[in-house]
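Take a look at the structure below.
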Amino acid sequence: MNERIKAYVDSIFTGAPSTKKILDLKEEMLSNMNSRYDDLIKDGFTPDDAYHTVVVGVGDISELLRQIQNETAFNAQYSQKDRQKNAIFVSVAVMLFVLAPVILIAMDAFAYNSVLGVVGMLTLIALGVGLLVYNALSKPKYVKEDETIVEEFKEWKSKNSETKRLRGAISSVLWTLIVIIYFAVSFLLGAWPISWIIFIIGACIEAVIGLIFTIKGE
Amino acid sequence: MSITSDLLRGHTDTIILAHLKMKDSYGYEINKAIQEKTENRYELKEATLYSAFRRLEEATMITSYWGDETTGARRRYYSITDLGRMVLRKNKVDWEETKGIIDQLLKEESL
């Protein structure tokens, strides 16, 4: 491996991102240039002449580098669409949550039927939770573009936030269930004085889930 | 020479495919073969070569793999695909036709 050639190749790749395609091109160029250099030396060229002949033979690779980089930019556009989808799901879910008590109050006030109101409210909440969970699970994973450290870090970060997302989803399902059980038990059995204990149990379950995630993470 | 290389540049892909049809090869070897065949009258810039490789690989006319050189940088070998062979055959036919037309058009009339 000729040090001058390596330095020259390094210099033309200065400022280019360290993606796999770029690094591959660099390695390919290095091996080809070195092979040529060795052949020229064998043919009786002085090291100086050989080096200059090799460098002149490369030509202008800036256009090629630009093309490779443009491809990478294309990837970012894709996730923009995902973010929009994500926003719609979350907004609809929140809307359902807000509307849920409205049904309960309306049923109670106009139809004098609180059981029907509770059923309506819980249905809306269930729909909202369903949307949130679907949204959390269907988010695309970050796929490594390249074998570089930066990409590996992004993947690690994405994986990390995936567990966070899963935990968030479980937690929201859990608390919705707790609220459902609380209202169901209270309304249907008339157990208002004691039913608050369900919330304490819920907090306990949440803590256990947190513990499980911590243990699994290690 | 500059006009000649302009004319030749349009056929870079075909020239590379023709070389790869004989055997798998890497950038420098292909360029060296071109120089030897043309007795040093023609040589591709490496940048042109890499652009062509990329184009051909995207069009699935060639595939690439890394050699297992133990010392120094690894070599990237290219190999022609069935599609590449087909395109090469077609380009050769096209070239023969073009050559015939140009020859006919440039022929001095001998009335």
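Residues in the structure tokens are named by chain (A, B, ... in the order shown) and by number from 1 within that chain; ligands are numbered from 1 in the order shown.
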### Task
Can you check which residues of chain A have any atom within 9 Å of chain B? Use only C-alpha atoms and format it as a PyMOL selection string.
chain A and resi 1+24-25+27-36+56-64
Preceding selection exported with C-alpha atoms as a compact mmCIF listing (two decimals), in the first residue's frame:
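Listing of result36.txt after writing:
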```txt
# COMPACT_ATOMS: atom_id res chain seq x y z
CA MET A 1 0.00 0.00 0.00
CA ASP A 24 -16.67 0.87 -0.66
CA LEU A 25 -15.81 3.20 -3.51
CA GLU A 27 -11.52 0.91 -0.98
CA GLU A 28 -12.14 -0.05 -4.59
CA MET A 29 -10.20 2.99 -5.79
CA LEU A 30 -7.32 2.31 -3.43
CA SER A 31 -6.89 -1.27 -4.59
CA ASN A 32 -7.09 -0.33 -8.29
CA MET A 33 -4.70 2.60 -7.94
CA ASN A 34 -2.19 0.54 -6.00
CA SER A 35 -2.29 -2.27 -8.55
CA ARG A 36 -1.63 0.21 -11.30
CA VAL A 56 -4.02 11.74 -13.50
CA GLY A 57 -5.73 8.49 -14.47
CA VAL A 58 -8.42 8.92 -11.80
CA GLY A 59 -10.12 11.93 -13.36
CA ASP A 60 -12.93 13.79 -11.67
CA ILE A 61 -14.93 11.74 -9.17
CA SER A 62 -16.85 14.67 -7.63
CA GLU A 63 -19.89 14.05 -9.85
CA LEU A 64 -19.97 10.40 -8.80
```
### Residue nearest Pro47 in chain A among A:Leu65, A:Val115, A:Val179, A:Ile5 (counting only C-alpha atoms)
A:Ile5
Give me, as a tab-separated table (two decimals) with N, CA and C atoms, in the first residue's frame, the residues of chain B that a backbone DSSP run labels strand (DSSP E or B).
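Now in result08.tsv:
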```
chain	number	residue	atom	x	y	z
B	25	SER	N	-13.96	-9.54	-13.47
B	25	SER	CA	-12.76	-8.70	-13.44
B	25	SER	C	-12.95	-7.51	-12.53
B	26	TYR	N	-11.87	-6.77	-12.29
B	26	TYR	CA	-11.95	-5.58	-11.45
B	26	TYR	C	-11.48	-4.36	-12.25
B	62	ILE	N	-24.76	-6.10	-14.25
B	62	ILE	CA	-23.59	-6.73	-13.63
B	62	ILE	C	-23.86	-6.84	-12.12
B	63	THR	N	-23.09	-7.73	-11.48
B	63	THR	CA	-23.13	-7.80	-10.01
B	63	THR	C	-21.69	-7.68	-9.53
B	64	SER	N	-21.52	-7.38	-8.26
B	64	SER	CA	-20.15	-7.24	-7.76
B	64	SER	C	-19.96	-8.06	-6.49
B	65	TYR	N	-18.72	-8.39	-6.24
B	65	TYR	CA	-18.36	-9.07	-4.99
B	65	TYR	C	-16.92	-8.72	-4.65
B	66	TRP	N	-16.59	-8.85	-3.37
B	66	TRP	CA	-15.22	-8.49	-2.95
B	66	TRP	C	-14.31	-9.69	-3.03
B	76	ARG	N	-12.63	-5.17	-5.81
B	76	ARG	CA	-14.03	-5.37	-6.07
B	76	ARG	C	-14.19	-5.97	-7.47
B	77	TYR	N	-14.67	-7.18	-7.51
B	77	TYR	CA	-14.84	-7.87	-8.79
B	77	TYR	C	-16.25	-7.67	-9.32
B	78	TYR	N	-16.35	-7.63	-10.63
B	78	TYR	CA	-17.67	-7.52	-11.26
B	78	TYR	C	-17.90	-8.72	-12.14
B	79	SER	N	-19.16	-9.10	-12.24
B	79	SER	CA	-19.48	-10.23	-13.09
B	79	SER	C	-20.78	-9.94	-13.85
B	80	ILE	N	-20.83	-10.38	-15.09
B	80	ILE	CA	-21.95	-10.03	-15.96
B	80	ILE	C	-23.16	-10.93	-15.65
```
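Shortest separation to Ala18 in chain B among B:Ile34, B:Met61, B:Leu56, B:Leu88 occurs at residue B:Leu88, atoms counted being only C-alpha atoms.
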### Query
Between CA of Thr176 in chain A and CA of Gly190 in chain A, what is the spacing in Å?
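Computed distance, CA of Gly190 in chain A to CA of Thr176 in chain A, equals 20.0 Å.
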